[in-house]
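A.B. asks: structure27.cif is reproduced in full below (mmCIF, C-alpha atoms and all ligand atoms).
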data_final
#
loop_
_atom_site.label_atom_id
_atom_site.label_comp_id
_atom_site.auth_asym_id
_atom_site.auth_seq_id
_atom_site.Cartn_x
_atom_site.Cartn_y
_atom_site.Cartn_z
CA MET A 1 0.00 0.00 0.00
CA ASP A 2 1.25 3.52 -0.81
CA LEU A 3 1.13 5.63 2.31
CA ILE A 4 1.07 8.87 0.35
CA ALA A 5 -1.58 9.82 -2.19
CA LYS A 6 -0.19 9.69 -5.74
CA HIS A 7 -0.77 13.33 -6.64
CA ILE A 8 0.83 14.45 -3.36
CA ALA A 9 3.87 12.16 -3.68
CA GLU A 10 4.79 14.04 -6.88
CA ILE A 11 4.98 17.39 -5.10
CA SER A 12 8.34 18.70 -3.96
CA PRO A 13 8.92 20.71 -0.79
CA SER A 14 9.47 24.45 -1.27
CA LEU A 15 13.11 24.92 -2.39
CA THR A 16 13.05 28.58 -1.43
CA LEU A 17 12.29 27.69 2.18
CA SER A 18 14.92 24.92 2.22
CA ILE A 19 17.82 27.13 1.02
CA THR A 20 16.92 29.79 3.56
CA SER A 21 16.92 27.22 6.34
CA GLN A 22 20.30 25.79 5.18
CA ALA A 23 21.76 29.30 5.32
CA LYS A 24 20.22 29.91 8.74
CA ALA A 25 21.63 26.62 10.06
CA LEU A 26 25.15 27.51 8.85
CA LYS A 27 24.83 30.94 10.43
CA LYS A 28 23.87 29.33 13.74
CA GLN A 29 27.11 27.31 13.59
CA GLY A 30 28.98 30.62 13.39
CA VAL A 31 29.67 30.53 9.61
CA ASP A 32 29.72 34.00 8.03
CA VAL A 33 26.91 33.40 5.53
CA LEU A 34 25.48 36.22 3.46
CA ASN A 35 21.88 35.29 2.85
CA PHE A 36 20.16 36.40 -0.36
CA GLY A 37 17.56 33.67 -0.15
CA ALA A 38 14.97 35.52 1.90
CA GLY A 39 11.54 36.02 0.43
CA GLU A 40 10.56 38.46 3.13
CA PRO A 41 11.24 42.09 4.02
CA ASP A 42 14.02 42.51 6.59
CA PHE A 43 12.07 45.29 8.34
CA ASN A 44 10.09 44.80 11.53
CA THR A 45 6.32 45.13 11.39
CA PRO A 46 5.52 48.80 12.08
CA GLN A 47 4.82 49.53 15.73
CA HIS A 48 1.21 50.73 15.41
CA ILE A 49 0.24 47.45 13.73
CA THR A 50 1.86 45.36 16.44
CA GLU A 51 0.24 47.50 19.13
CA ALA A 52 -3.21 47.03 17.61
CA ALA A 53 -2.79 43.24 17.77
CA ILE A 54 -1.52 43.40 21.37
CA LYS A 55 -4.47 45.57 22.33
CA ALA A 56 -6.86 43.13 20.65
CA LEU A 57 -5.37 40.30 22.72
CA GLN A 58 -5.62 42.33 25.92
CA ASP A 59 -9.21 43.23 25.07
CA GLY A 60 -10.05 39.54 24.86
CA GLN A 61 -10.26 39.24 21.04
CA THR A 62 -9.27 35.61 21.33
CA ARG A 63 -12.26 33.81 19.83
CA TYR A 64 -13.26 32.71 16.33
CA THR A 65 -14.31 35.32 13.79
CA GLU A 66 -16.52 34.76 10.72
CA SER A 67 -14.66 32.28 8.52
CA ALA A 68 -14.16 34.96 5.84
CA GLY A 69 -12.65 37.28 8.45
CA LEU A 70 -13.83 40.21 10.57
CA LEU A 71 -16.37 42.32 8.70
CA GLU A 72 -14.46 45.44 9.76
CA LEU A 73 -11.30 44.07 8.12
CA ARG A 74 -13.12 43.06 4.94
CA GLU A 75 -14.60 46.56 4.80
CA ALA A 76 -11.12 48.04 5.14
CA ILE A 77 -9.87 45.73 2.37
CA ALA A 78 -12.77 46.68 0.08
CA ALA A 79 -11.98 50.37 0.70
CA LYS A 80 -8.28 49.78 -0.06
CA LEU A 81 -9.04 47.89 -3.28
CA GLN A 82 -11.31 50.73 -4.39
CA LYS A 83 -8.88 53.50 -3.47
CA ASP A 84 -5.56 51.97 -4.56
CA ASN A 85 -6.66 49.71 -7.38
CA GLY A 86 -9.95 51.04 -8.73
CA LEU A 87 -11.62 47.73 -7.89
CA GLN A 88 -15.26 47.39 -6.86
CA TYR A 89 -15.76 44.61 -4.34
CA THR A 90 -18.24 44.29 -1.48
CA PRO A 91 -16.93 42.83 1.80
CA PHE A 92 -18.91 39.68 0.91
CA GLN A 93 -16.63 39.04 -2.04
CA ILE A 94 -13.56 39.12 0.18
CA SER A 95 -12.09 36.30 2.21
CA VAL A 96 -9.23 36.78 4.65
CA ASN A 97 -6.91 33.79 4.68
CA CYS A 98 -3.78 32.55 6.47
CA GLY A 99 -1.29 34.27 4.12
CA ALA A 100 -1.54 35.02 0.40
CA LYS A 101 -0.10 31.54 -0.18
CA HIS A 102 -3.22 30.12 1.43
CA SER A 103 -5.34 32.56 -0.61
CA CYS A 104 -3.82 31.21 -3.85
CA TYR A 105 -4.47 27.63 -2.80
CA ASN A 106 -8.07 28.35 -1.77
CA ALA A 107 -8.67 30.07 -5.10
CA ILE A 108 -7.29 27.13 -7.11
CA LEU A 109 -9.13 24.56 -4.97
CA ALA A 110 -12.40 26.46 -5.36
CA THR A 111 -12.24 26.60 -9.16
CA CYS A 112 -10.12 23.83 -10.71
CA ASN A 113 -11.35 20.31 -11.36
CA PRO A 114 -8.99 17.35 -11.65
CA GLY A 115 -7.63 17.38 -15.20
CA ASP A 116 -8.24 21.10 -15.77
CA GLU A 117 -5.23 22.95 -17.14
CA VAL A 118 -3.76 26.03 -15.50
CA ILE A 119 -1.42 28.24 -17.52
CA ILE A 120 1.58 29.48 -15.55
CA PRO A 121 4.21 31.76 -17.11
CA ALA A 122 7.77 30.75 -16.13
CA PRO A 123 9.85 31.86 -14.32
CA TYR A 124 7.06 31.41 -11.77
CA TRP A 125 6.65 31.62 -8.02
CA THR A 126 7.67 28.18 -6.89
CA SER A 127 4.35 27.22 -5.26
CA TYR A 128 1.95 27.74 -8.19
CA PRO A 129 2.56 24.48 -10.09
CA GLU A 130 2.57 22.46 -6.88
CA MET A 131 -0.70 23.99 -5.72
CA VAL A 132 -2.24 23.17 -9.07
CA ARG A 133 -1.05 19.56 -8.76
CA MET A 134 -2.36 19.39 -5.20
CA VAL A 135 -5.93 19.73 -6.51
CA GLY A 136 -5.32 17.20 -9.31
CA ALA A 137 -5.22 19.88 -12.03
CA VAL A 138 -2.42 20.17 -14.58
CA PRO A 139 0.10 23.04 -14.71
CA VAL A 140 0.88 24.19 -18.27
CA ILE A 141 4.13 26.10 -18.16
CA VAL A 142 4.78 28.91 -20.64
CA GLU A 143 8.48 29.69 -21.03
CA THR A 144 8.76 33.48 -21.23
CA LYS A 145 11.80 35.18 -22.72
CA GLU A 146 14.36 37.29 -20.97
CA ALA A 147 14.27 39.61 -23.99
CA ASN A 148 10.56 40.28 -23.26
CA GLY A 149 11.39 41.15 -19.66
CA TRP A 150 10.28 37.64 -18.62
CA LYS A 151 6.66 38.50 -19.47
CA MET A 152 4.19 36.24 -21.25
CA THR A 153 3.18 37.61 -24.65
CA PRO A 154 -0.39 37.26 -25.95
CA GLU A 155 0.91 34.85 -28.61
CA GLU A 156 2.58 32.64 -26.01
CA PHE A 157 -0.63 32.66 -23.97
CA GLU A 158 -2.76 31.65 -26.95
CA GLU A 159 -0.38 28.89 -27.92
CA ALA A 160 -0.59 27.35 -24.44
CA MET A 161 -4.38 27.24 -24.42
CA SER A 162 -6.42 24.08 -24.95
CA PRO A 163 -10.07 23.15 -24.45
CA MET A 164 -9.04 22.07 -20.91
CA THR A 165 -7.67 25.48 -19.90
CA LYS A 166 -9.50 26.70 -16.80
CA MET A 167 -7.19 29.33 -15.37
CA VAL A 168 -4.18 31.53 -16.03
CA ILE A 169 -1.99 32.74 -13.18
CA LEU A 170 -0.53 36.23 -13.38
CA ASN A 171 1.90 37.62 -10.85
CA SER A 172 2.75 41.26 -11.37
CA PRO A 173 5.02 42.54 -9.92
CA GLY A 174 6.56 39.11 -10.21
CA ASN A 175 8.60 36.81 -8.05
CA PRO A 176 11.32 35.88 -9.05
CA THR A 177 11.59 38.16 -12.11
CA GLY A 178 10.59 41.57 -10.73
CA SER A 179 8.69 42.10 -13.99
CA VAL A 180 5.70 44.44 -14.06
CA TYR A 181 3.02 44.10 -16.76
CA THR A 182 1.82 47.35 -18.32
CA ARG A 183 -1.86 48.20 -18.74
CA GLU A 184 -1.64 47.47 -22.50
CA GLU A 185 -0.06 44.07 -21.90
CA LEU A 186 -2.74 43.19 -19.36
CA GLU A 187 -5.49 44.34 -21.73
CA LYS A 188 -4.30 41.95 -24.41
CA ILE A 189 -4.07 39.03 -21.99
CA ALA A 190 -7.48 39.87 -20.51
CA ASP A 191 -9.08 39.96 -23.99
CA ILE A 192 -7.81 36.46 -24.73
CA ALA A 193 -8.95 35.14 -21.34
CA LEU A 194 -12.40 36.71 -21.85
CA GLY A 195 -12.72 35.17 -25.30
CA GLU A 196 -12.25 31.67 -23.87
CA ASP A 197 -13.80 32.16 -20.40
CA ILE A 198 -10.54 31.52 -18.62
CA ILE A 199 -10.34 32.50 -14.96
CA ILE A 200 -7.52 34.91 -14.16
CA LEU A 201 -5.79 34.46 -10.84
CA SER A 202 -3.99 37.76 -10.27
CA ASP A 203 -1.46 37.55 -7.45
CA GLU A 204 -0.69 41.16 -6.53
CA ILE A 205 1.23 40.58 -3.30
CA TYR A 206 4.15 42.81 -4.45
CA GLU A 207 1.83 45.61 -5.56
CA LYS A 208 3.42 48.22 -3.30
CA LEU A 209 6.94 47.47 -4.52
CA VAL A 210 7.05 49.05 -7.97
CA TYR A 211 9.92 51.40 -8.82
CA GLY A 212 10.55 54.45 -10.95
CA GLU A 213 7.84 55.52 -13.37
CA ASN A 214 6.29 52.08 -13.51
CA LYS A 215 2.75 51.58 -12.24
CA HIS A 216 0.94 48.60 -10.83
CA VAL A 217 -2.33 47.85 -12.64
CA SER A 218 -4.91 45.42 -11.24
CA ILE A 219 -6.19 43.41 -14.19
CA ALA A 220 -9.68 43.20 -12.66
CA SER A 221 -9.94 46.99 -12.90
CA LEU A 222 -9.86 46.88 -16.72
CA SER A 223 -13.60 46.20 -17.10
CA LYS A 224 -16.61 44.64 -15.41
CA GLU A 225 -16.25 41.60 -17.69
CA VAL A 226 -12.64 41.07 -16.63
CA ASN A 227 -13.57 41.60 -13.00
CA ASP A 228 -16.20 38.86 -13.34
CA LEU A 229 -13.49 36.37 -14.34
CA THR A 230 -10.71 37.44 -11.98
CA ILE A 231 -9.64 36.42 -8.50
CA THR A 232 -7.47 39.18 -7.08
CA ILE A 233 -5.03 38.11 -4.40
CA ASN A 234 -3.14 40.37 -2.08
CA GLY A 235 -2.00 40.42 1.53
CA PHE A 236 0.05 42.02 4.25
CA SER A 237 3.34 40.11 4.16
CA LYS A 238 5.36 42.17 1.70
CA ALA A 239 3.78 45.66 1.90
CA PHE A 240 3.69 45.85 5.70
CA ALA A 241 6.51 43.47 6.63
CA MET A 242 4.04 41.02 8.19
CA THR A 243 5.20 37.65 6.82
CA GLY A 244 4.89 35.85 10.15
CA TRP A 245 1.38 37.10 10.77
CA ARG A 246 0.04 34.83 8.02
CA LEU A 247 -2.60 37.10 6.54
CA GLY A 248 -3.65 37.34 2.92
CA TYR A 249 -6.94 37.77 1.09
CA THR A 250 -8.93 36.94 -2.03
CA ALA A 251 -11.38 39.26 -3.75
CA ALA A 252 -13.51 37.39 -6.26
CA PRO A 253 -16.84 37.11 -8.04
CA LYS A 254 -19.53 36.26 -5.48
CA ALA A 255 -19.89 32.55 -6.38
CA ILE A 256 -16.13 31.98 -6.11
CA ALA A 257 -15.95 34.00 -2.88
CA GLU A 258 -18.66 31.81 -1.39
CA ALA A 259 -16.86 28.63 -2.44
CA ILE A 260 -13.64 29.92 -0.87
CA ASP A 261 -15.54 30.71 2.31
CA THR A 262 -17.01 27.20 2.37
CA ILE A 263 -13.54 25.65 1.93
CA GLN A 264 -12.10 27.83 4.63
CA SER A 265 -14.96 27.11 7.03
CA HIS A 266 -13.95 23.44 6.94
CA MET A 267 -10.19 23.90 6.75
CA THR A 268 -8.90 26.67 8.99
CA SER A 269 -12.11 28.38 10.21
CA ASN A 270 -10.58 31.85 10.19
CA ALA A 271 -7.25 33.63 10.09
CA THR A 272 -5.92 34.36 13.59
CA THR A 273 -8.28 36.78 15.27
CA PHE A 274 -5.90 39.22 16.96
CA ALA A 275 -3.72 39.29 13.82
CA GLN A 276 -6.75 40.51 11.90
CA TYR A 277 -6.91 43.52 14.24
CA GLY A 278 -3.31 44.28 13.31
CA ALA A 279 -4.31 44.12 9.65
CA ILE A 280 -7.08 46.68 10.19
CA ALA A 281 -4.46 49.01 11.69
CA ALA A 282 -2.17 48.36 8.71
CA LEU A 283 -4.82 49.38 6.19
CA THR A 284 -6.34 52.29 8.08
CA GLY A 285 -3.11 53.70 9.57
CA ASP A 286 -0.36 55.88 8.12
CA GLN A 287 0.76 54.57 4.71
CA GLN A 288 4.04 56.51 4.78
CA ILE A 289 5.74 53.43 6.23
CA VAL A 290 4.96 51.55 3.02
CA THR A 291 6.56 54.31 0.94
CA ASP A 292 9.57 54.42 3.24
CA MET A 293 10.18 50.71 2.86
CA ARG A 294 9.80 50.95 -0.92
CA GLU A 295 12.34 53.75 -1.07
CA GLU A 296 14.79 51.74 0.96
CA PHE A 297 14.30 48.75 -1.33
CA ASN A 298 14.85 50.99 -4.34
CA VAL A 299 18.20 52.26 -3.04
CA ARG A 300 19.34 48.65 -2.68
CA ARG A 301 17.93 47.71 -6.09
CA GLU A 302 19.82 50.47 -7.87
CA PHE A 303 23.04 49.74 -6.00
CA MET A 304 22.84 46.02 -6.72
CA LEU A 305 21.92 46.55 -10.37
CA ASP A 306 25.10 48.59 -10.86
CA ARG A 307 27.20 45.91 -9.20
CA LEU A 308 25.60 43.05 -11.14
CA LYS A 309 25.98 44.84 -14.47
CA SER A 310 29.73 45.00 -14.01
CA ILE A 311 30.14 41.29 -13.22
CA LYS A 312 31.49 39.11 -16.03
CA ASN A 313 29.83 35.93 -17.32
CA ILE A 314 26.30 36.74 -16.18
CA LYS A 315 23.32 38.70 -17.53
CA VAL A 316 20.57 40.54 -15.74
CA VAL A 317 17.31 42.29 -16.68
CA GLU A 318 16.46 45.31 -14.57
CA PRO A 319 13.66 44.27 -12.21
CA LEU A 320 10.91 46.91 -12.02
CA GLY A 321 9.14 45.53 -8.96
CA ALA A 322 9.28 43.17 -5.94
CA PHE A 323 12.70 42.67 -4.27
CA TYR A 324 14.54 40.13 -6.39
CA PHE A 325 17.13 39.88 -9.14
CA LEU A 326 16.89 36.91 -11.45
CA VAL A 327 20.42 36.50 -12.73
CA ASN A 328 21.13 34.58 -15.94
CA ILE A 329 24.08 32.25 -15.29
CA GLU A 330 23.90 30.41 -18.61
CA PRO A 331 27.36 31.55 -19.81
CA ILE A 332 28.93 29.86 -16.76
CA GLY A 333 27.37 26.54 -17.76
CA ILE A 334 26.65 25.07 -14.32
CA LYS A 335 23.18 23.82 -13.40
CA SER A 336 21.40 26.22 -11.06
CA ILE A 337 21.27 23.86 -8.11
CA ASN A 338 25.00 23.04 -8.36
CA PHE A 339 25.73 26.71 -8.82
CA ALA A 340 23.79 27.63 -5.66
CA GLU A 341 25.45 24.83 -3.67
CA LYS A 342 28.93 25.84 -4.82
CA LEU A 343 28.28 29.50 -4.14
CA LEU A 344 27.15 28.61 -0.63
CA SER A 345 30.03 26.24 0.12
CA LYS A 346 32.83 28.31 -1.48
CA GLN A 347 31.76 31.91 -0.95
CA LYS A 348 29.16 31.49 1.80
CA VAL A 349 26.57 33.29 -0.30
CA ALA A 350 23.04 31.85 -0.22
CA VAL A 351 20.80 32.25 -3.28
CA VAL A 352 17.86 30.27 -4.65
CA PRO A 353 18.53 28.07 -7.72
CA GLY A 354 16.34 29.01 -10.69
CA ILE A 355 15.12 25.43 -11.06
CA ALA A 356 12.76 26.28 -8.18
CA PHE A 357 11.09 28.79 -10.52
CA GLY A 358 11.19 26.69 -13.69
CA ALA A 359 14.18 28.71 -14.95
CA GLU A 360 17.18 26.38 -14.96
CA ASN A 361 19.83 28.84 -16.14
CA THR A 362 19.22 31.37 -13.41
CA ILE A 363 19.66 32.07 -9.73
CA ARG A 364 17.60 34.45 -7.61
CA PHE A 365 19.02 37.06 -5.27
CA SER A 366 16.68 38.75 -2.82
CA TYR A 367 17.69 42.28 -1.85
CA ALA A 368 15.60 42.25 1.29
CA THR A 369 18.82 42.68 3.21
CA SER A 370 21.14 45.54 4.19
CA LEU A 371 23.34 47.52 1.77
CA ASP A 372 26.44 46.30 3.63
CA ILE A 373 25.46 42.68 3.08
CA ILE A 374 24.63 43.40 -0.56
CA ASN A 375 28.02 45.03 -1.07
CA ALA A 376 29.95 42.20 0.58
CA GLY A 377 27.80 39.61 -1.22
CA MET A 378 28.47 41.20 -4.60
CA ASP A 379 32.23 41.11 -3.89
CA ARG A 380 32.03 37.41 -3.18
CA PHE A 381 29.72 36.73 -6.11
CA GLU A 382 32.02 38.62 -8.48
CA GLU A 383 35.00 36.61 -7.31
CA PHE A 384 33.03 33.40 -7.86
CA CYS A 385 31.96 34.42 -11.38
CA ASN A 386 35.52 35.46 -12.27
CA GLN A 387 36.73 32.00 -11.28
CA HIS A 388 34.18 30.20 -13.47
C1 LIG A 401 4.38 35.68 -5.62
C2 LIG A 401 4.03 35.37 -4.21
N1 LIG A 401 2.75 35.15 -3.90
C3 LIG A 401 2.37 34.85 -2.65
C4 LIG A 401 3.32 34.77 -1.64
C5 LIG A 401 2.86 34.38 -0.28
O1 LIG A 401 2.76 35.41 0.62
P1 LIG A 401 2.27 35.15 2.11
O2 LIG A 401 3.46 35.28 2.98
O3 LIG A 401 1.26 36.24 2.38
O4 LIG A 401 1.66 33.80 2.17
C6 LIG A 401 4.67 34.98 -1.91
C7 LIG A 401 5.69 34.84 -0.85
O5 LIG A 401 6.85 34.68 -1.08
C8 LIG A 401 5.03 35.30 -3.24
O6 LIG A 401 6.31 35.53 -3.56
#
Could you take the file, read its structure, and then write that structure out as structure tokens?
Ligand SMILES: Cc1ncc(COP(=O)(O)O)c(C=O)c1O
C.D. replies:
Amino acid sequence: MDLIAKHIAEISPSLTLSITSQAKALKKQGVDVLNFGAGEPDFNTPQHITEAAIKALQDGQTRYTESAGLLELREAIAAKLQKDNGLQYTPFQISVNCGAKHSCYNAILATCNPGDEVIIPAPYWTSYPEMVRMVGAVPVIVETKEANGWKMTPEEFEEAMSPMTKMVILNSPGNPTGSVYTREELEKIADIALGEDIIILSDEIYEKLVYGENKHVSIASLSKEVNDLTITINGFSKAFAMTGWRLGYTAAPKAIAEAIDTIQSHMTSNATTFAQYGAIAALTGDQQIVTDMREEFNVRREFMLDRLKSIKNIKVVEPLGAFYFLVNIEPIGIKSINFAEKLLSKQKVAVVPGIAFGAENTIRFSYATSLDIINAGMDRFEEFCNQH
């Protein structure tokens, strides 16, 4: 007898989490590791958010909430989506979940039947294909080109479609690429999805981290028709440095929102109650903190871009959003996992191998770390590249 269900046995553990824990373990042993693996801001959660959660605990907010989350929080989310993104959602179309990761899974579980195909542009966030497999659906990977800024073109999208296509996953700003789709690009993709009734899962978790003149556009804001086919996902982890709070949300057409609520009512009940009070403070409090963190990220991004551009044997596309560099290591000719292992053992620099994102010839650096670490890390990385 197989102990593990077939479709689960095929799923691999998250490589991004495993590299980070290897680096942390080495650091604990006293090794001077420079960690570029982190998928989380290195800032602390702003004080007023933490205080709101502490107050909620002290006030006895320690019981279950509605499974979709506190109405007051869903109202604050609806107001945010309207104000920041031009999206019209009632609180009853919103579900608060245990992290945006959980939101993505709920959305896929609520909509995809076994055998349905889900189009995922690569390089992709490592969890999408595995989540799709977890519900018995089939990931269809579209290889995007570095020359197109790692973005899926309408032609590539159309080519990947089949009568079994149920969903397309978009992630702009993207992890690991940092790519940001323009309004025109989203319009073309939305038109194709509308033509074939394909659900759009739009993961907008890095929305607040867009640099320069570039703008984040929520695909569901393009028209009522697009909105009716889109599940918008966002959360608190990246914008408010709240990764450990485990809070994300879905905003979806009513029928999908109700299905997500039903799933959640049987799976987790609700996201942690006092954490939800922190989230209300995050959305209704001073937003300057979000801008401050973005500016700090941008300083690091520009610094690191300059350093990377001057390193031999690699290539890099300027990332316009999120906090990652996807570096093309193809000229060096070592597989990404071996490259990451060697870089860690020889130079004590931790990065995530591109294989985790369906992009074999790449490695991902996160710049959610200090300028000093970035500088020292680039020295070590340069030395490594010069030797190979
Ligand atoms: C693209 C993307 N979506 C979702 C998430 C999950 O965020 P959360 O911490 O809210 O679960 C991440 C986290 O790394 C991510 O990179």
A.B. asks: Closest to ligand LIG 401 (chain A) among A:Asp116, A:Glu130, A:Glu341, A:Glu204, using only C-alpha atoms and all ligand atoms?
C.D. replies: A:Glu204
A.B. asks: Could you work out how far CA of Asp379 (chain A) lies from CA of Thr362 (chain A), giving the answer in Å with one decimal?
C.D. replies: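 Rounded to one decimal, the two atoms are 18.8 Å apart.
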A.B. asks: Please measure the separation of CA of Ile334 (chain A) and CA of Met378 (chain A), giving the value in Å to one decimal.
C.D. replies: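 Interatomic distance here is 18.9 Å.
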A.B. asks: Taking all atoms listed in the file into account, which residues are within 8 Å of ligand LIG 401 (chain A), as a PyMOL selection string?
C.D. replies: chain A and resi 39-40+98-104+124-125+171+174-176+203-206+234-238+242-244+246-248
A.B. asks: Do a neighbour search on Ser179 (chain A) at 12 Å with only C-alpha atoms, toss out local chain neighbours closer than 2 positions, and write the hits as a VMD selection string.
C.D. replies: chain A and resid 121 to 124 144 to 152 170 to 177 181 to 182 185 206 to 207 209 to 211 214 to 216 317 to 326
A.B. asks: Write out the residues from the selection above, keeping C-alpha atoms, as a short mmCIF file (atom, residue, chain, number, x, y, z; two decimals), in the coordinates of the input.
C.D. replies:
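So the final result, stored in result-v1.cif, reads:
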data_model
loop_
_atom_site.label_atom_id
_atom_site.label_comp_id
_atom_site.auth_asym_id
_atom_site.auth_seq_id
_atom_site.Cartn_x
_atom_site.Cartn_y
_atom_site.Cartn_z
CA PRO A 121 4.21 31.76 -17.11
CA ALA A 122 7.77 30.75 -16.13
CA PRO A 123 9.85 31.86 -14.32
CA TYR A 124 7.06 31.41 -11.77
CA THR A 144 8.76 33.48 -21.23
CA LYS A 145 11.80 35.18 -22.72
CA GLU A 146 14.36 37.29 -20.97
CA ALA A 147 14.27 39.61 -23.99
CA ASN A 148 10.56 40.28 -23.26
CA GLY A 149 11.39 41.15 -19.66
CA TRP A 150 10.28 37.64 -18.62
CA LYS A 151 6.66 38.50 -19.47
CA MET A 152 4.19 36.24 -21.25
CA LEU A 170 -0.53 36.23 -13.38
CA ASN A 171 1.90 37.62 -10.85
CA SER A 172 2.75 41.26 -11.37
CA PRO A 173 5.02 42.54 -9.92
CA GLY A 174 6.56 39.11 -10.21
CA ASN A 175 8.60 36.81 -8.05
CA PRO A 176 11.32 35.88 -9.05
CA THR A 177 11.59 38.16 -12.11
CA TYR A 181 3.02 44.10 -16.76
CA THR A 182 1.82 47.35 -18.32
CA GLU A 185 -0.06 44.07 -21.90
CA TYR A 206 4.15 42.81 -4.45
CA GLU A 207 1.83 45.61 -5.56
CA LEU A 209 6.94 47.47 -4.52
CA VAL A 210 7.05 49.05 -7.97
CA TYR A 211 9.92 51.40 -8.82
CA ASN A 214 6.29 52.08 -13.51
CA LYS A 215 2.75 51.58 -12.24
CA HIS A 216 0.94 48.60 -10.83
CA VAL A 317 17.31 42.29 -16.68
CA GLU A 318 16.46 45.31 -14.57
CA PRO A 319 13.66 44.27 -12.21
CA LEU A 320 10.91 46.91 -12.02
CA GLY A 321 9.14 45.53 -8.96
CA ALA A 322 9.28 43.17 -5.94
CA PHE A 323 12.70 42.67 -4.27
CA TYR A 324 14.54 40.13 -6.39
CA PHE A 325 17.13 39.88 -9.14
CA LEU A 326 16.89 36.91 -11.45
#
A.B. asks: Go through A:Ile260, A:Leu3, A:Ala38, A:Ile219 one by one, measure the shortest atom-to-atom distance of each to Phe365 (chain A) using all atoms listed in the file, and give the residue with the smallest value.
C.D. replies: A:Ala38
A.B. asks: Using only C-alpha atoms, pick whichever of A:Tyr367, A:Phe240, A:Phe381, A:Phe303 has the shortest atom-to-atom distance to Ala281 (chain A).
C.D. replies: A:Phe240
A.B. asks: Find the distance between CA of Asp2 (chain A) and CA of Met131 (chain A) and write it in Å to one decimal.
C.D. replies: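 Atom-to-atom, CA of Asp2 (chain A) and CA of Met131 (chain A) are spaced 21.1 Å apart.
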A.B. asks: Can you work out which one of A:Ile314, A:Val31, A:Ala190, A:Ala368 has the shortest atom-to-atom distance to Ala241 (chain A), counting all atoms listed in the file?
C.D. replies: A:Ala368
A.B. asks: Sort by chain and increasing residue number a table of all residues of region 104-127 of chain A within 12 Å of region 73-97 of chain A, each with its closest pair of atoms and their distance in Å to one decimal, counting all atoms listed in the file, and write it as a tab-separated table.
C.D. replies:
residue	atom	partner	partner_atom	distance
A:Cys104	CA	A:Asn97	CA	9.4
A:Tyr105	CA	A:Asn97	CA	10.0
A:Asn106	CA	A:Asn97	CA	8.5
A:Ala107	CA	A:Ser95	CA	10.2
A.B. asks: Give me, as an NGL selection string, all polymer residues having an atom no more than 12 Å from Glu155 (chain A), counting only C-alpha atoms and skipping those fewer than 4 positions away in the same chain.
C.D. replies: :A and (142-144 or 151 or 159-161 or 185 or 188-189 or 192)
A.B. asks: Missing atoms in region 82-93 of chain A: fill them in up to N, CA and C atoms and send the result as a compact mmCIF listing (two decimals), in the coordinates of the input.
C.D. replies:
# COMPACT_ATOMS: atom_id res chain seq x y z
N GLN A 82 -10.67 49.65 -3.63
CA GLN A 82 -11.31 50.73 -4.39
C GLN A 82 -10.34 51.90 -4.57
N LYS A 83 -9.72 52.30 -3.46
CA LYS A 83 -8.88 53.50 -3.47
C LYS A 83 -7.56 53.28 -4.24
N ASP A 84 -6.88 52.20 -3.95
CA ASP A 84 -5.56 51.97 -4.56
C ASP A 84 -5.65 51.36 -5.96
N ASN A 85 -6.66 50.54 -6.18
CA ASN A 85 -6.66 49.71 -7.38
C ASN A 85 -7.85 49.94 -8.31
N GLY A 86 -8.77 50.80 -7.90
CA GLY A 86 -9.95 51.04 -8.73
C GLY A 86 -10.82 49.80 -8.88
N LEU A 87 -10.85 48.97 -7.83
CA LEU A 87 -11.62 47.73 -7.89
C LEU A 87 -12.88 47.84 -7.04
N GLN A 88 -13.98 47.34 -7.59
CA GLN A 88 -15.26 47.39 -6.86
C GLN A 88 -15.54 46.00 -6.28
N TYR A 89 -15.38 45.88 -4.99
CA TYR A 89 -15.76 44.61 -4.34
C TYR A 89 -16.54 44.94 -3.07
N THR A 90 -17.58 44.14 -2.77
CA THR A 90 -18.24 44.29 -1.48
C THR A 90 -17.46 43.42 -0.49
N PRO A 91 -17.63 43.68 0.81
CA PRO A 91 -16.93 42.83 1.80
C PRO A 91 -17.30 41.36 1.65
N PHE A 92 -18.45 41.08 1.02
CA PHE A 92 -18.91 39.68 0.91
C PHE A 92 -18.25 38.96 -0.27
N GLN A 93 -17.42 39.68 -0.98
CA GLN A 93 -16.63 39.04 -2.04
C GLN A 93 -15.18 38.83 -1.59
